[in-house]
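Trainee: Next comes input-v4.csv, CSV, C-alpha atoms:
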chain,number,residue,atom,x,y,z
A,203,MET,CA,25.9,18.0,87.0
A,204,ARG,CA,23.2,16.7,89.3
A,205,THR,CA,21.1,13.7,88.3
A,206,LEU,CA,17.4,14.2,88.0
A,207,ILE,CA,15.5,11.0,88.8
A,208,SER,CA,11.8,10.6,88.1
A,209,THR,CA,10.2,7.9,90.4
A,210,ALA,CA,6.7,6.7,89.8
A,211,PHE,CA,4.1,4.1,90.4
A,212,VAL,CA,2.7,3.5,86.9
A,213,SER,CA,0.0,1.2,85.5
A,214,LEU,CA,0.8,-0.9,82.5
A,215,ASP,CA,-1.0,1.6,80.3
A,216,GLY,CA,1.0,4.5,81.7
A,217,VAL,CA,-1.4,6.1,84.3
A,218,VAL,CA,0.2,7.7,87.4
A,219,GLU,CA,-2.8,9.5,88.8
A,220,ALA,CA,-3.8,9.0,92.5
A,221,PRO,CA,-1.9,5.9,93.3
A,222,GLY,CA,-2.1,6.4,97.0
A,223,GLY,CA,-5.8,7.3,97.3
A,224,GLU,CA,-6.0,11.0,96.4
A,225,PRO,CA,-9.6,12.1,95.9
A,226,GLY,CA,-11.2,12.9,92.6
A,227,TYR,CA,-10.0,10.0,90.5
A,228,ARG,CA,-12.2,7.0,89.7
A,229,ASN,CA,-9.5,4.4,90.4
A,230,SER,CA,-7.9,6.2,93.3
A,231,GLY,CA,-5.7,4.1,95.5
A,232,TRP,CA,-5.0,1.5,92.8
A,233,THR,CA,-1.5,0.7,94.1
A,234,PHE,CA,-2.5,-1.0,97.3
A,235,LYS,CA,-6.1,-2.1,97.0
A,236,ASP,CA,-5.8,-4.0,93.7
A,237,VAL,CA,-2.3,-5.7,94.0
A,238,GLU,CA,-1.0,-7.9,96.8
A,239,PHE,CA,1.6,-6.0,98.9
A,240,LEU,CA,5.1,-7.5,98.8
A,241,PRO,CA,7.7,-5.4,100.8
A,242,GLU,CA,10.6,-6.5,98.6
A,243,ALA,CA,8.9,-4.9,95.5
A,244,PHE,CA,9.2,-1.5,97.3
A,245,GLU,CA,12.8,-1.8,98.4
A,246,ILE,CA,13.7,0.9,95.8
A,247,LYS,CA,11.6,3.4,97.7
A,248,GLY,CA,13.9,3.2,100.8
A,249,ARG,CA,16.9,3.3,98.6
A,250,GLU,CA,15.7,6.5,96.9
A,251,GLN,CA,15.5,8.3,100.3
A,252,GLU,CA,19.1,7.2,101.1
A,253,GLU,CA,20.5,8.2,97.7
A,254,ALA,CA,18.6,11.5,97.0
A,255,ALA,CA,20.0,14.8,98.1
A,256,ALA,CA,17.0,16.9,97.2
A,257,MET,CA,13.3,16.6,96.1
A,258,LEU,CA,11.6,18.3,93.2
A,259,LEU,CA,7.8,18.6,93.0
A,260,GLY,CA,5.2,20.3,90.9
A,261,ARG,CA,2.7,22.5,92.8
A,262,THR,CA,-0.2,20.0,93.0
A,263,SER,CA,2.0,17.2,94.3
A,264,TYR,CA,3.7,19.6,96.8
A,265,GLU,CA,0.3,20.7,98.1
A,266,SER,CA,-0.8,17.0,98.5
A,267,PHE,CA,2.5,15.7,100.0
A,268,SER,CA,3.3,18.6,102.3
A,269,ALA,CA,-0.1,18.1,104.0
A,270,VAL,CA,0.9,14.5,105.1
A,271,TRP,CA,4.5,13.6,104.5
A,272,PRO,CA,6.1,15.8,107.2
A,273,ASP,CA,4.5,13.8,109.9
A,274,MET,CA,5.0,10.3,108.4
A,275,GLU,CA,7.9,8.3,110.0
A,276,GLU,CA,8.5,6.4,106.7
A,277,PHE,CA,9.4,9.7,105.0
A,278,ALA,CA,11.6,11.2,107.8
A,279,THR,CA,14.6,11.5,105.5
A,280,TYR,CA,12.6,13.6,103.1
A,281,LYS,CA,11.5,16.0,105.9
A,282,VAL,CA,15.0,17.4,106.3
A,283,MET,CA,16.0,17.2,102.6
A,284,PRO,CA,16.0,20.4,100.6
A,285,LYS,CA,12.8,20.7,98.4
A,286,TYR,CA,12.2,22.6,95.2
A,287,VAL,CA,8.7,23.3,93.9
A,288,VAL,CA,8.1,24.3,90.3
A,289,SER,CA,5.2,26.7,90.3
A,290,THR,CA,4.2,30.0,88.7
A,291,THR,CA,1.5,30.7,91.3
A,292,LEU,CA,2.9,29.6,94.7
A,293,THR,CA,4.4,32.2,97.0
A,294,ASP,CA,6.7,31.7,100.0
A,295,ASN,CA,3.6,32.3,102.2
A,296,ASP,CA,2.0,29.2,100.7
A,297,LEU,CA,4.8,26.9,101.8
A,298,VAL,CA,4.5,24.7,104.9
A,299,THR,CA,6.8,25.4,107.8
A,300,ASN,CA,7.3,21.9,109.1
A,301,TRP,CA,8.9,20.2,106.1
A,302,GLY,CA,12.4,21.7,105.9
A,303,ASP,CA,13.9,24.2,103.4
A,304,THR,CA,11.7,24.7,100.3
A,305,THR,CA,12.6,26.9,97.3
A,306,ILE,CA,10.1,27.9,94.6
A,307,LEU,CA,11.4,27.6,91.0
A,308,ARG,CA,9.4,29.4,88.3
A,309,SER,CA,10.5,27.6,85.1
A,310,LEU,CA,12.1,24.7,83.4
A,311,ASP,CA,15.2,27.0,82.9
A,312,ASP,CA,15.3,27.2,86.7
A,313,VAL,CA,15.3,23.4,86.9
A,314,ALA,CA,18.1,23.2,84.3
A,315,ALA,CA,20.1,25.7,86.4
A,316,LEU,CA,19.5,23.7,89.6
A,317,LYS,CA,20.9,20.6,87.8
A,318,GLU,CA,24.1,22.6,87.2
A,319,THR,CA,24.7,23.2,90.9
A,320,GLU,CA,26.8,21.1,93.3
A,321,GLY,CA,25.1,18.2,95.2
A,322,GLY,CA,23.7,14.8,94.8
A,323,PRO,CA,20.7,13.4,92.9
A,324,ILE,CA,17.3,15.2,92.8
A,325,ILE,CA,14.3,13.0,93.0
A,326,ILE,CA,10.8,13.8,91.6
A,327,HIS,CA,7.7,12.2,93.2
A,328,GLY,CA,4.3,12.5,91.7
A,329,SER,CA,4.1,15.7,89.6
A,330,ALA,CA,2.7,14.2,86.4
A,331,THR,CA,2.6,17.5,84.5
A,332,LEU,CA,6.0,18.5,85.6
A,333,ASN,CA,7.4,15.0,84.7
A,334,GLN,CA,5.9,15.4,81.2
A,335,ASN,CA,7.5,18.8,80.7
A,336,LEU,CA,10.9,17.8,82.1
A,337,SER,CA,10.9,14.7,79.9
A,338,ASP,CA,10.0,16.7,76.8
A,339,ALA,CA,12.7,19.2,77.6
A,340,GLY,CA,15.3,16.4,78.0
A,341,LEU,CA,16.0,17.2,81.6
A,342,ILE,CA,15.3,13.8,83.2
A,343,ASP,CA,18.3,11.6,83.6
A,344,ARG,CA,16.8,8.4,85.1
A,345,TYR,CA,13.5,6.7,85.7
A,346,HIS,CA,12.6,4.5,88.6
A,347,LEU,CA,9.4,2.8,87.6
A,348,LEU,CA,7.3,0.4,89.6
A,349,VAL,CA,4.9,-0.9,86.9
A,350,PHE,CA,1.6,-2.4,88.2
A,351,PRO,CA,-0.2,-5.2,86.3
A,352,LEU,CA,-3.3,-3.0,85.9
A,353,LEU,CA,-5.0,-1.2,83.0
A,354,LEU,CA,-6.6,1.9,84.3
A,355,GLY,CA,-7.7,3.6,81.1
A,356,ALA,CA,-8.2,7.3,81.7
A,357,GLY,CA,-6.0,9.3,84.0
A,358,LYS,CA,-2.9,11.4,84.2
A,359,ARG,CA,0.0,9.9,82.3
A,360,LEU,CA,3.7,9.9,83.1
A,361,PHE,CA,4.7,10.7,79.5
A,362,SER,CA,3.2,13.4,77.2
A,363,THR,CA,1.8,12.7,73.8
A,364,THR,CA,4.1,15.5,72.3
A,365,ASP,CA,5.4,14.7,68.9
A,366,LYS,CA,9.2,14.7,69.5
A,367,ASP,CA,12.4,13.1,68.6
A,368,THR,CA,13.0,9.6,70.1
A,369,GLN,CA,14.5,9.5,73.6
A,370,LYS,CA,16.6,6.4,74.1
A,371,LEU,CA,16.8,4.7,77.4
A,372,HIS,CA,19.2,2.1,78.9
A,373,LEU,CA,17.7,-0.5,81.2
A,374,THR,CA,20.1,-0.6,84.2
A,375,GLU,CA,18.1,-2.6,86.7
A,376,HIS,CA,14.9,-4.7,86.5
A,377,GLU,CA,13.0,-7.3,88.5
A,378,THR,CA,9.6,-9.0,88.4
A,379,TYR,CA,7.8,-9.9,91.6
A,380,PRO,CA,5.3,-12.7,92.2
A,381,ASN,CA,2.4,-10.2,92.5
A,382,GLY,CA,3.1,-9.0,88.9
A,383,LEU,CA,4.9,-5.8,89.8
A,384,GLN,CA,7.9,-4.9,87.7
A,385,LYS,CA,10.8,-2.7,88.8
A,386,ASN,CA,12.4,-0.9,85.9
A,387,VAL,CA,15.3,1.5,86.2
A,388,PHE,CA,16.2,3.3,83.0
A,389,ASP,CA,19.0,5.8,82.4
A,390,VAL,CA,18.2,8.4,79.7
A,391,ILE,CA,20.8,8.4,77.0
A,392,HIS,CA,21.5,12.1,76.3
Starting from the coordinates I provided, produce the structure as structure tokens.

Mentor:
Amino acid sequence: MRTLISTAFVSLDGVVEAPGGEPGYRNSGWTFKDVEFLPEAFEIKGREQEEAAAMLLGRTSYESFSAVWPDMEEFATYKVMPKYVVSTTLTDNDLVTNWGDTTILRSLDDVAALKETEGGPIIIHGSATLNQNLSDAGLIDRYHLLVFPLLLGAGKRLFSTTDKDTQKLHLTEHETYPNGLQKNVFDVIH
């Protein structure tokens, strides 16, 4: 069974919206304009590209990332990696042609079936709504969280407010950096 890894920049109060400067959010770009950049705090991002065998995205994140990531040198590994987009509205004609093989999945059942295939870990970037739905369905196996020392208030959250049974996590890696960032890697106990 493949491991499904959710990776996120998250504020201390759980917001994941527009960390890199995406338009339309009041605090857009909060990851780099409000916190001193320390390269060592982002080491996990390079490791994720080396360890992942595929990428999973929701439609909104796919549309945002596919417009810029294919031409970014720092994401070269992701360019050739198989990608899966969970969407009920996208068609093959909506997919970009310069970002490698991309498959559209229509449901969480399709994601569960993908996890049953052969291959290495699948990483999820962005995709707040998809993350919430996958978490609520018990399909996420690991979280890579870079927690920023910021309270952003309103905004899309990594976790839903669904009333559900407790999901237990096991902290497998953590570090705190001089700029206040915290790296937390949790395995989900299934």

Trainee: Identify, on the basis of all atoms listed in the file, every residue whose closest approach to region 237-248 of chain A does not exceed 10 Å; exclude the query and any residue fewer than 2 positions from it along the same chain; express the result as a list in words.

Mentor: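 Residues meeting the cut-off are Thr209, Ala210, Trp232, Thr233, Phe234, Lys235, Glu250, Gln251, Glu252, Glu253, Glu276, Phe277, Thr279, His346, Leu347, Leu348, Phe350, Pro351, Leu352, Glu377, Thr378, Tyr379, Pro380, Asn381, Gly382, Leu383, Gln384, Lys385 and Val387 of chain A.
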
Trainee: Write the residues of the selection above to a file with C-alpha atoms, as a short mmCIF file (atom, residue, chain, number, x, y, z; two decimals), in the frame of the given file.

Mentor:
data_model
loop_
_atom_site.label_atom_id
_atom_site.label_comp_id
_atom_site.auth_asym_id
_atom_site.auth_seq_id
_atom_site.Cartn_x
_atom_site.Cartn_y
_atom_site.Cartn_z
CA THR A 209 10.20 7.90 90.40
CA ALA A 210 6.70 6.70 89.80
CA TRP A 232 -5.00 1.50 92.80
CA THR A 233 -1.50 0.70 94.10
CA PHE A 234 -2.50 -1.00 97.30
CA LYS A 235 -6.10 -2.10 97.00
CA GLU A 250 15.70 6.50 96.90
CA GLN A 251 15.50 8.30 100.30
CA GLU A 252 19.10 7.20 101.10
CA GLU A 253 20.50 8.20 97.70
CA GLU A 276 8.50 6.40 106.70
CA PHE A 277 9.40 9.70 105.00
CA THR A 279 14.60 11.50 105.50
CA HIS A 346 12.60 4.50 88.60
CA LEU A 347 9.40 2.80 87.60
CA LEU A 348 7.30 0.40 89.60
CA PHE A 350 1.60 -2.40 88.20
CA PRO A 351 -0.20 -5.20 86.30
CA LEU A 352 -3.30 -3.00 85.90
CA GLU A 377 13.00 -7.30 88.50
CA THR A 378 9.60 -9.00 88.40
CA TYR A 379 7.80 -9.90 91.60
CA PRO A 380 5.30 -12.70 92.20
CA ASN A 381 2.40 -10.20 92.50
CA GLY A 382 3.10 -9.00 88.90
CA LEU A 383 4.90 -5.80 89.80
CA GLN A 384 7.90 -4.90 87.70
CA LYS A 385 10.80 -2.70 88.80
CA VAL A 387 15.30 1.50 86.20
#

Trainee: Between A:Glu265, A:Glu318, A:Asp273, A:Asp311, single out the one closest to Val298 (chain A), counting all atoms listed in the file.

Mentor: A:Glu265

Trainee: Can you check which parts of region 309-392 of chain A lie within 9 Å of region 283-294 of chain A? Per residue, the shortest pair of atoms and distance in Å to one decimal, counting all atoms listed in the file, sorted by chain and number, as CSV.

Mentor:
residue,atom,partner,partner_atom,distance
A:Ser309,CA,A:Val288,CA,6.6
A:Leu310,CA,A:Val288,CA,8.0
A:Asp312,CA,A:Val288,CA,8.6
A:Val313,CA,A:Val288,CA,8.0
A:Leu332,CA,A:Val288,CA,7.8

Trainee: Could you work out an axis-aligned bounding box for all listed atoms of region 379-386 of chain A, with 6 Å added on each of the six sides, and give its centre and edge lengths in Å to one decimal, as lines of an AutoDock Vina configuration file?

Mentor:
center_x = 7.4
center_y = -6.8
center_z = 89.2
size_x = 22.0
size_y = 23.8
size_z = 18.6

Trainee: Which of these, A:Ala330, A:Asp338, A:Asp303, A:Phe267, has the shortest distance to Asp365 (chain A) once you count only C-alpha atoms?

Mentor: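 Of all the options, A:Asp338 lies closest to Asp365 (chain A).
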
Trainee: Would you compute the distance between CA of Glu320 (chain A) and CA of Gln334 (chain A)? Give it in Å to one decimal.

Mentor: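 For CA of Glu320 (chain A) relative to CA of Gln334 (chain A), the distance reads 24.8 Å.
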
Trainee: Just to confirm, what's the straight-line distance from CA of Ile324 (chain A) to CA of Thr304 (chain A) in Å (one decimal)?

Mentor: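 About the pair CA of Ile324 (chain A) and CA of Thr304 (chain A): they are 13.3 Å apart.
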